[in-house]
Amino acid sequence: MCGIIGYIGKEDAVPIIIDGLKKLEYRGYDSAGIAIYGQNGFDVVKQKGRLAALEERLSSRQLENNPLSGHLGIGHTRWATHGEPSDINSHPHVGSRNKIAVVHNGIIENYRQLKERLEYSVQNSEGVTFASQTDSEVIAQLAEHYYCMDNVNAGDLIDTVIRVSNAVEGSYALGIMCIDEPDVLIAVKKDNPLIIGVSDSGNFIASDVPAVLKYTKEVYYLNDKEIAVIRSGSVQFFNMDKEPLHKTTETVTWSMDSAEKGGYPHFMLKEIMEQPKVLRDTIQSVLGEGANKNVFDNICVSRFKKIAIAACGSAYNAGVTAKYVFEKLCRLSVETDLASEFRYKDPIIDNKTLVILVSQSGETADTIAAMREAKSKGAATLSIVNVLGSTIAKEADYCLFTAAGPEIAVATTKAFSAQLVLLYMLAIRFAHKLGLLTEYDEQELFVEIAALPYKVSAILEQTDAIQKYASTCVGYKSIFFIGRNIDYAIALEGSLKLKEISYIHSEAYAGGELKHGTISLVEENTLVVTISNCASLFGKIMSNAQQVISRGAKVLLIGNCSEIDDDTETEKLYYISLPHVSDIFSPSLSVVVLQLFSYYVAANKGLDIDKPRNLAKSVTVE
Ligand code: M6R
């Protein structure tokens, strides 16, 4: 989704904003722009396409001895929703009177009505003519209307922002500059993230922490409907009644290196390789002291009759995987729902239900809505989130943090693995609290969990076979993934990973479902990735593999199958073996091979792996 960065301070804002935009590229975008408060007022450059194109425009300006420069500015990467990707639809938007410049992330649902009202006044010679097709331009025009036209409170920027916030419906994170206030940058948000970074050389606004990490680790997390008035050396906060608010900064623990590729060709590969450390840190966050341990100790599971898990995309797949573990260990009924469905299905939940929301970003619109739906029905909510200060982290009754650090590649890898491990540990602790596991059993399982990072390292040390096999798979139009029981759950994630970055059509099926329709899709040289870690189901999944092989398919078998020997491998069946682990934890190992497989297929196709087409890292609109 869109990315916002703004700066006010002693330095030239332009390189800081461009650098910040680069750090936000991972969010997904199709155009970009920058507005600087220059010597002659707002100086705006907007460009469809990648940031490189915007940079080229800035370089030309330099060559023409007309460089963009100033100490206050806002920048934006746009992911088109209303209006095609184009220079004119890119942000920042400046009102027709050239008084207010705005960058916006979110969707203004009542923009048509507002636009019509503002345009209507044209006939009375006071109205405005819109330049773009976007919903966002309404904010700039409306702000100018309030700032310039009305008698009451005209010329007061905070009043203007309050009036705009009250008039618009939908979601927004806004960075605002006013021509009469060359020393002020305004930020306000509702249902979209915005942070404020503070440093000795200036202050920042940004959609996400990586954009400011190079300059500061001290940030304010802005809450909904809070207004920040940011100057070079100060930040003041107000509520919608214009009363001052007291807020304190938080220190970010993420390192600057985590937002850099560090020698890897792609963030995705770097993040795959970081998984042993991420797993160790996440496990330690429960076994050591700290916030996660407190949640584990304090949550009273006996009051719940049911667990519901709601999430989107990979986070949903983590939930589906966890369902098998919770049900096996806790004997509690677990429902998993796509958050986008949960919110509209009138879920059967009450104060005896624990609703678990899983989200890397903590800002996914559907997951936020699912959480609010759960709360409105009296259910307890527990979130598993990677981003401190995010909406889901703040609003859920309990929050567990995945210690994955910033995840930049759109395709999630390390955050998914961290979610899985927290969910396993939660299931183990719940089972112990419910009297279904003795303390000794619980410790034994935690010891096995603590060994997972080493087993993942062992897989990551031998990627050659996966890489070689993947290089033969670039030509497939379609690849299927099958598994049974918990292997089916992780097959879903393998399939999602492949399609999102390689653009190869892919589906995942439970092995037992094949004969109920899907097998008709299998033909000569179809590839069926088959996952087999559940010893008791080995015979069953292998007969599924044989059924597709007999129909001409090739099988890539991934798992821990003691029955496989050199003779089993044929031209049609290639086997990648995994270290031994209990069935319920095996997804943590399978997924690493599946991630690498997808990565190498996409790399062999020469695709833009970190920023796949049409996708955004954090889906902050419905
Ligand atoms: O930030 P979230 O975990 O809530 O995001 C949910 C999905 O959008 C996300 O997992 C998406 O499916 C990933 N691109 C998958 O790699």
# chains A, B, ... in the order shown; residues from 1 in each chain; ligands from 1
$ residues_around --residues "Ile486 (chain A)" --least-positions-apart "2" --cutoff "7 Å" --atoms "only C-alpha atoms" --output "PyMOL selection string"
chain A and resi 321+324+484+488-490+584
$ write_last_selection --atoms "N, CA and C atoms" --output "compact mmCIF listing (two decimals), in the first residue's frame"
# COMPACT_ATOMS: atom_id res chain seq x y z
N THR A 321 -2.33 -24.02 10.15
CA THR A 321 -1.33 -24.97 10.67
C THR A 321 -1.50 -25.12 12.19
N TYR A 324 -4.17 -27.52 13.80
CA TYR A 324 -3.85 -28.93 14.01
C TYR A 324 -3.15 -29.12 15.35
N ARG A 484 -1.08 -34.20 3.67
CA ARG A 484 -2.20 -34.65 4.50
C ARG A 484 -1.99 -34.14 5.91
N TYR A 488 -0.77 -30.77 4.87
CA TYR A 488 -1.68 -30.05 3.96
C TYR A 488 -1.66 -28.56 4.29
N ALA A 489 -1.67 -28.27 5.62
CA ALA A 489 -1.67 -26.85 6.04
C ALA A 489 -0.45 -26.13 5.47
N ILE A 490 0.69 -26.78 5.53
CA ILE A 490 1.90 -26.07 5.07
C ILE A 490 1.99 -26.08 3.54
N ILE A 584 3.97 -32.42 14.52
CA ILE A 584 3.31 -31.13 14.73
C ILE A 584 4.25 -29.93 14.54
$ select_by_dssp --residues "region 133-277 of chain A" --states "strand (DSSP E)" --output "ChimeraX atom specification"
/A:170-178,185-190,195-199,202-206,218-221,227-230,235-238,244-245,250-251
$ residues_around --residues "Glu169 (chain A)" --least-positions-apart "3" --cutoff "8 Å" --atoms "only C-alpha atoms" --output "list in words"
Ile108, Glu109, Asn110 and Asn166 of chain A
$ residues_near_ligand --ligand "ligand 1" --cutoff "9 Å" --atoms "only C-alpha atoms and all ligand atoms" --output "number ranges by chain"
A: 311-317, 357-368, 385-387, 409-413, 415-416, 493, 496-497, 500-501, 615-620
$ residues_around --residues "region 242-252 of chain A" --least-positions-apart "4" --cutoff "12 Å" --atoms "only C-alpha atoms" --output "compact mmCIF listing (two decimals) with N, CA, C and O atoms, in the first residue's frame"
# COMPACT_ATOMS: atom_id res chain seq x y z
N ASP A 156 -6.51 28.89 10.61
CA ASP A 156 -5.93 28.12 11.71
C ASP A 156 -5.73 26.69 11.23
O ASP A 156 -6.69 25.98 10.92
N LEU A 157 -4.46 26.28 11.17
CA LEU A 157 -4.15 24.98 10.56
C LEU A 157 -4.69 23.81 11.39
O LEU A 157 -5.20 22.83 10.83
N ILE A 158 -4.59 23.90 12.70
CA ILE A 158 -5.08 22.78 13.53
C ILE A 158 -6.60 22.66 13.40
O ILE A 158 -7.14 21.56 13.22
N ASP A 159 -7.27 23.80 13.45
CA ASP A 159 -8.73 23.76 13.26
C ASP A 159 -9.08 23.14 11.91
O ASP A 159 -10.02 22.36 11.79
N THR A 160 -8.31 23.51 10.91
CA THR A 160 -8.56 22.97 9.57
C THR A 160 -8.44 21.45 9.58
O THR A 160 -9.28 20.74 9.03
N VAL A 161 -7.38 20.96 10.20
CA VAL A 161 -7.15 19.51 10.22
C VAL A 161 -8.28 18.80 10.98
O VAL A 161 -8.77 17.75 10.57
N ILE A 162 -8.74 19.42 12.06
CA ILE A 162 -9.84 18.82 12.83
C ILE A 162 -11.10 18.76 11.96
O ILE A 162 -11.79 17.75 11.90
N ARG A 163 -11.35 19.84 11.26
CA ARG A 163 -12.57 19.87 10.43
C ARG A 163 -12.48 18.85 9.29
O ARG A 163 -13.45 18.18 8.97
N ILE A 195 4.03 6.95 12.03
CA ILE A 195 4.90 7.14 13.19
C ILE A 195 5.64 8.48 13.04
O ILE A 195 5.76 9.00 11.94
N ILE A 196 6.15 8.96 14.16
CA ILE A 196 6.92 10.20 14.13
C ILE A 196 8.28 9.90 14.73
O ILE A 196 8.36 9.43 15.88
N GLY A 197 9.32 10.12 13.95
CA GLY A 197 10.67 9.88 14.43
C GLY A 197 11.26 11.21 14.88
O GLY A 197 11.04 12.24 14.23
N VAL A 198 12.01 11.19 15.98
CA VAL A 198 12.62 12.44 16.45
C VAL A 198 14.14 12.30 16.53
O VAL A 198 14.66 11.26 16.94
N SER A 199 14.83 13.36 16.11
CA SER A 199 16.30 13.32 16.20
C SER A 199 16.80 14.75 16.40
O SER A 199 16.04 15.71 16.24
N ASP A 208 6.20 3.70 8.31
CA ASP A 208 6.78 2.54 8.98
C ASP A 208 8.20 2.88 9.46
O ASP A 208 8.87 3.74 8.88
N VAL A 209 8.63 2.17 10.47
CA VAL A 209 9.92 2.46 11.12
C VAL A 209 11.14 2.38 10.17
O VAL A 209 12.03 3.24 10.26
N PRO A 210 11.23 1.38 9.25
CA PRO A 210 12.45 1.30 8.44
C PRO A 210 12.78 2.60 7.70
O PRO A 210 13.95 2.88 7.43
N VAL A 212 12.85 5.54 8.79
CA VAL A 212 13.58 6.53 9.60
C VAL A 212 14.74 5.92 10.40
O VAL A 212 15.48 6.64 11.05
N LEU A 213 14.89 4.60 10.31
CA LEU A 213 15.89 3.91 11.15
C LEU A 213 17.30 4.46 10.99
O LEU A 213 18.09 4.45 11.93
N LYS A 214 17.61 4.93 9.77
CA LYS A 214 18.95 5.44 9.50
C LYS A 214 19.22 6.70 10.34
O LYS A 214 20.36 7.04 10.63
N TYR A 215 18.18 7.40 10.75
CA TYR A 215 18.35 8.68 11.42
C TYR A 215 18.02 8.63 12.91
O TYR A 215 18.54 9.41 13.69
N THR A 216 17.10 7.75 13.27
CA THR A 216 16.70 7.72 14.68
C THR A 216 16.03 6.41 15.05
O THR A 216 15.49 5.72 14.18
N LYS A 217 16.09 6.09 16.34
CA LYS A 217 15.34 4.94 16.86
C LYS A 217 14.27 5.40 17.84
O LYS A 217 13.60 4.57 18.45
N GLU A 218 14.17 6.72 18.02
CA GLU A 218 13.18 7.26 18.97
C GLU A 218 11.92 7.63 18.20
O GLU A 218 11.98 8.52 17.33
N VAL A 219 10.84 6.96 18.48
CA VAL A 219 9.62 7.24 17.71
C VAL A 219 8.40 7.41 18.62
O VAL A 219 8.32 6.83 19.71
N TYR A 220 7.47 8.22 18.14
CA TYR A 220 6.12 8.27 18.72
C TYR A 220 5.22 7.45 17.81
O TYR A 220 5.30 7.58 16.58
N TYR A 221 4.35 6.65 18.40
CA TYR A 221 3.33 5.96 17.61
C TYR A 221 2.05 6.80 17.71
O TYR A 221 1.52 6.98 18.81
N LEU A 222 1.61 7.29 16.58
CA LEU A 222 0.42 8.14 16.56
C LEU A 222 -0.83 7.27 16.68
O LEU A 222 -0.93 6.24 15.99
N ASN A 223 -1.75 7.65 17.55
CA ASN A 223 -3.03 6.93 17.64
C ASN A 223 -4.05 7.58 16.73
O ASN A 223 -3.86 8.71 16.27
N LYS A 225 -6.88 9.64 15.24
CA LYS A 225 -7.44 10.97 15.53
C LYS A 225 -6.59 11.79 16.50
O LYS A 225 -7.10 12.62 17.24
N GLU A 226 -5.31 11.51 16.52
CA GLU A 226 -4.37 12.40 17.21
C GLU A 226 -3.67 13.24 16.14
O GLU A 226 -3.33 12.74 15.08
N ILE A 227 -3.46 14.50 16.46
CA ILE A 227 -2.80 15.40 15.52
C ILE A 227 -1.40 15.70 16.05
O ILE A 227 -1.25 16.03 17.24
N ALA A 228 -0.41 15.59 15.19
CA ALA A 228 0.95 15.97 15.61
C ALA A 228 1.34 17.24 14.86
O ALA A 228 1.19 17.32 13.64
N VAL A 229 1.82 18.22 15.61
CA VAL A 229 2.33 19.46 15.01
C VAL A 229 3.84 19.40 15.18
O VAL A 229 4.37 19.48 16.30
N VAL A 235 7.78 18.44 18.95
CA VAL A 235 6.56 17.78 18.46
C VAL A 235 5.48 18.00 19.52
O VAL A 235 5.68 17.70 20.70
N GLN A 236 4.35 18.56 19.07
CA GLN A 236 3.21 18.72 20.00
C GLN A 236 2.06 17.87 19.49
O GLN A 236 1.90 17.70 18.28
N PHE A 237 1.26 17.39 20.45
CA PHE A 237 0.12 16.54 20.06
C PHE A 237 -1.18 17.16 20.56
O PHE A 237 -1.22 17.75 21.65
N PHE A 238 -2.24 16.98 19.78
CA PHE A 238 -3.57 17.49 20.14
C PHE A 238 -4.61 16.43 19.83
O PHE A 238 -4.43 15.64 18.90
N MET A 256 19.58 -0.94 11.99
CA MET A 256 19.57 -0.37 10.65
C MET A 256 19.88 -1.44 9.61
O MET A 256 19.34 -1.44 8.51
N VAL A 387 4.92 -5.94 14.39
CA VAL A 387 5.25 -4.51 14.44
C VAL A 387 4.72 -3.87 15.73
O VAL A 387 3.50 -3.76 15.94
N LEU A 388 5.66 -3.46 16.55
CA LEU A 388 5.36 -2.76 17.80
C LEU A 388 4.56 -1.48 17.48
O LEU A 388 4.83 -0.81 16.50
N GLY A 389 3.59 -1.17 18.28
CA GLY A 389 2.86 0.08 18.10
C GLY A 389 1.81 0.00 17.01
O GLY A 389 1.13 0.98 16.73
N GLY A 405 12.05 -8.82 13.49
CA GLY A 405 12.67 -7.61 12.94
C GLY A 405 11.90 -7.17 11.71
O GLY A 405 10.94 -7.82 11.31
N PRO A 406 12.32 -6.07 11.08
CA PRO A 406 11.55 -5.61 9.92
C PRO A 406 11.60 -6.61 8.79
O PRO A 406 12.67 -7.13 8.47
$ decode --residues "region 72-93 of chain A" --atoms "N, CA, C and O atoms" --output "PDB file, in the first residue's frame"
ATOM      1  N   LEU A  72      11.878  21.386   4.595  1.00  0.00           N
ATOM      2  CA  LEU A  72      10.584  20.784   4.938  1.00  0.00           C
ATOM      3  C   LEU A  72      10.035  20.126   3.680  1.00  0.00           C
ATOM      4  O   LEU A  72      10.045  20.736   2.605  1.00  0.00           O
ATOM      5  N   GLY A  73       9.581  18.896   3.818  1.00  0.00           N
ATOM      6  CA  GLY A  73       9.014  18.243   2.634  1.00  0.00           C
ATOM      7  C   GLY A  73       8.258  16.971   2.983  1.00  0.00           C
ATOM      8  O   GLY A  73       8.378  16.426   4.091  1.00  0.00           O
ATOM      9  N   ILE A  74       7.444  16.532   2.017  1.00  0.00           N
ATOM     10  CA  ILE A  74       6.710  15.271   2.176  1.00  0.00           C
ATOM     11  C   ILE A  74       6.876  14.450   0.898  1.00  0.00           C
ATOM     12  O   ILE A  74       6.978  14.998  -0.192  1.00  0.00           O
ATOM     13  N   GLY A  75       6.921  13.124   1.062  1.00  0.00           N
ATOM     14  CA  GLY A  75       7.064  12.234  -0.092  1.00  0.00           C
ATOM     15  C   GLY A  75       6.091  11.076   0.023  1.00  0.00           C
ATOM     16  O   GLY A  75       5.579  10.777   1.114  1.00  0.00           O
ATOM     17  N   HIS A  76       5.873  10.410  -1.106  1.00  0.00           N
ATOM     18  CA  HIS A  76       4.808   9.401  -1.124  1.00  0.00           C
ATOM     19  C   HIS A  76       5.081   8.362  -2.202  1.00  0.00           C
ATOM     20  O   HIS A  76       5.530   8.698  -3.298  1.00  0.00           O
ATOM     21  N   THR A  77       4.812   7.119  -1.889  1.00  0.00           N
ATOM     22  CA  THR A  77       4.728   6.092  -2.922  1.00  0.00           C
ATOM     23  C   THR A  77       3.269   5.689  -2.993  1.00  0.00           C
ATOM     24  O   THR A  77       2.659   5.389  -1.965  1.00  0.00           O
ATOM     25  N   ARG A  78       2.697   5.702  -4.194  1.00  0.00           N
ATOM     26  CA  ARG A  78       1.249   5.461  -4.340  1.00  0.00           C
ATOM     27  C   ARG A  78       0.973   4.076  -4.918  1.00  0.00           C
ATOM     28  O   ARG A  78       1.605   3.672  -5.897  1.00  0.00           O
ATOM     29  N   TRP A  79       0.045   3.394  -4.333  1.00  0.00           N
ATOM     30  CA  TRP A  79      -0.474   2.129  -4.863  1.00  0.00           C
ATOM     31  C   TRP A  79      -1.907   2.434  -5.281  1.00  0.00           C
ATOM     32  O   TRP A  79      -2.774   2.656  -4.439  1.00  0.00           O
ATOM     33  N   ALA A  80      -2.116   2.509  -6.601  1.00  0.00           N
ATOM     34  CA  ALA A  80      -3.357   3.083  -7.128  1.00  0.00           C
ATOM     35  C   ALA A  80      -4.611   2.357  -6.640  1.00  0.00           C
ATOM     36  O   ALA A  80      -4.681   1.137  -6.679  1.00  0.00           O
ATOM     37  N   THR A  81      -5.578   3.122  -6.173  1.00  0.00           N
ATOM     38  CA  THR A  81      -6.920   2.582  -5.907  1.00  0.00           C
ATOM     39  C   THR A  81      -7.931   3.388  -6.720  1.00  0.00           C
ATOM     40  O   THR A  81      -8.643   2.834  -7.542  1.00  0.00           O
ATOM     41  N   HIS A  82      -7.985   4.687  -6.538  1.00  0.00           N
ATOM     42  CA  HIS A  82      -8.929   5.524  -7.272  1.00  0.00           C
ATOM     43  C   HIS A  82      -8.157   6.299  -8.329  1.00  0.00           C
ATOM     44  O   HIS A  82      -7.458   7.255  -8.020  1.00  0.00           O
ATOM     45  N   GLY A  83      -8.328   5.879  -9.580  1.00  0.00           N
ATOM     46  CA  GLY A  83      -7.580   6.541 -10.652  1.00  0.00           C
ATOM     47  C   GLY A  83      -6.326   5.758 -10.978  1.00  0.00           C
ATOM     48  O   GLY A  83      -5.643   5.241 -10.093  1.00  0.00           O
ATOM     49  N   GLU A  84      -6.039   5.679 -12.281  1.00  0.00           N
ATOM     50  CA  GLU A  84      -4.899   4.866 -12.755  1.00  0.00           C
ATOM     51  C   GLU A  84      -3.571   5.418 -12.222  1.00  0.00           C
ATOM     52  O   GLU A  84      -3.505   6.587 -11.832  1.00  0.00           O
ATOM     53  N   PRO A  85      -2.520   4.598 -12.276  1.00  0.00           N
ATOM     54  CA  PRO A  85      -1.199   5.130 -11.939  1.00  0.00           C
ATOM     55  C   PRO A  85      -0.791   6.155 -13.004  1.00  0.00           C
ATOM     56  O   PRO A  85      -0.758   5.825 -14.183  1.00  0.00           O
ATOM     57  N   SER A  86      -0.550   7.381 -12.614  1.00  0.00           N
ATOM     58  CA  SER A  86      -0.144   8.423 -13.577  1.00  0.00           C
ATOM     59  C   SER A  86       0.554   9.529 -12.793  1.00  0.00           C
ATOM     60  O   SER A  86       0.428   9.597 -11.563  1.00  0.00           O
ATOM     61  N   ASP A  87       1.241  10.409 -13.516  1.00  0.00           N
ATOM     62  CA  ASP A  87       1.926  11.516 -12.825  1.00  0.00           C
ATOM     63  C   ASP A  87       0.911  12.338 -12.035  1.00  0.00           C
ATOM     64  O   ASP A  87       1.116  12.662 -10.870  1.00  0.00           O
ATOM     65  N   ILE A  88      -0.193  12.662 -12.700  1.00  0.00           N
ATOM     66  CA  ILE A  88      -1.153  13.589 -12.097  1.00  0.00           C
ATOM     67  C   ILE A  88      -1.849  12.967 -10.874  1.00  0.00           C
ATOM     68  O   ILE A  88      -2.159  13.652  -9.901  1.00  0.00           O
ATOM     69  N   ASN A  89      -2.085  11.655 -10.925  1.00  0.00           N
ATOM     70  CA  ASN A  89      -2.754  11.006  -9.784  1.00  0.00           C
ATOM     71  C   ASN A  89      -1.800  10.731  -8.621  1.00  0.00           C
ATOM     72  O   ASN A  89      -2.231  10.352  -7.533  1.00  0.00           O
ATOM     73  N   SER A  90      -0.500  10.884  -8.876  1.00  0.00           N
ATOM     74  CA  SER A  90       0.465  10.638  -7.794  1.00  0.00           C
ATOM     75  C   SER A  90       0.333  11.722  -6.724  1.00  0.00           C
ATOM     76  O   SER A  90      -0.178  12.804  -6.987  1.00  0.00           O
ATOM     77  N   HIS A  91       0.812  11.398  -5.546  1.00  0.00           N
ATOM     78  CA  HIS A  91       0.837  12.389  -4.463  1.00  0.00           C
ATOM     79  C   HIS A  91       2.226  13.038  -4.468  1.00  0.00           C
ATOM     80  O   HIS A  91       3.140  12.435  -5.015  1.00  0.00           O
ATOM     81  N   PRO A  92       2.430  14.125  -3.807  1.00  0.00           N
ATOM     82  CA  PRO A  92       1.509  14.954  -3.037  1.00  0.00           C
ATOM     83  C   PRO A  92       0.481  15.665  -3.932  1.00  0.00           C
ATOM     84  O   PRO A  92       0.755  15.952  -5.091  1.00  0.00           O
ATOM     85  N   HIS A  93      -0.678  15.934  -3.312  1.00  0.00           N
ATOM     86  CA  HIS A  93      -1.693  16.747  -3.978  1.00  0.00           C
ATOM     87  C   HIS A  93      -1.683  18.140  -3.344  1.00  0.00           C
ATOM     88  O   HIS A  93      -1.608  18.258  -2.116  1.00  0.00           O
TER      89      HIS A  93
END
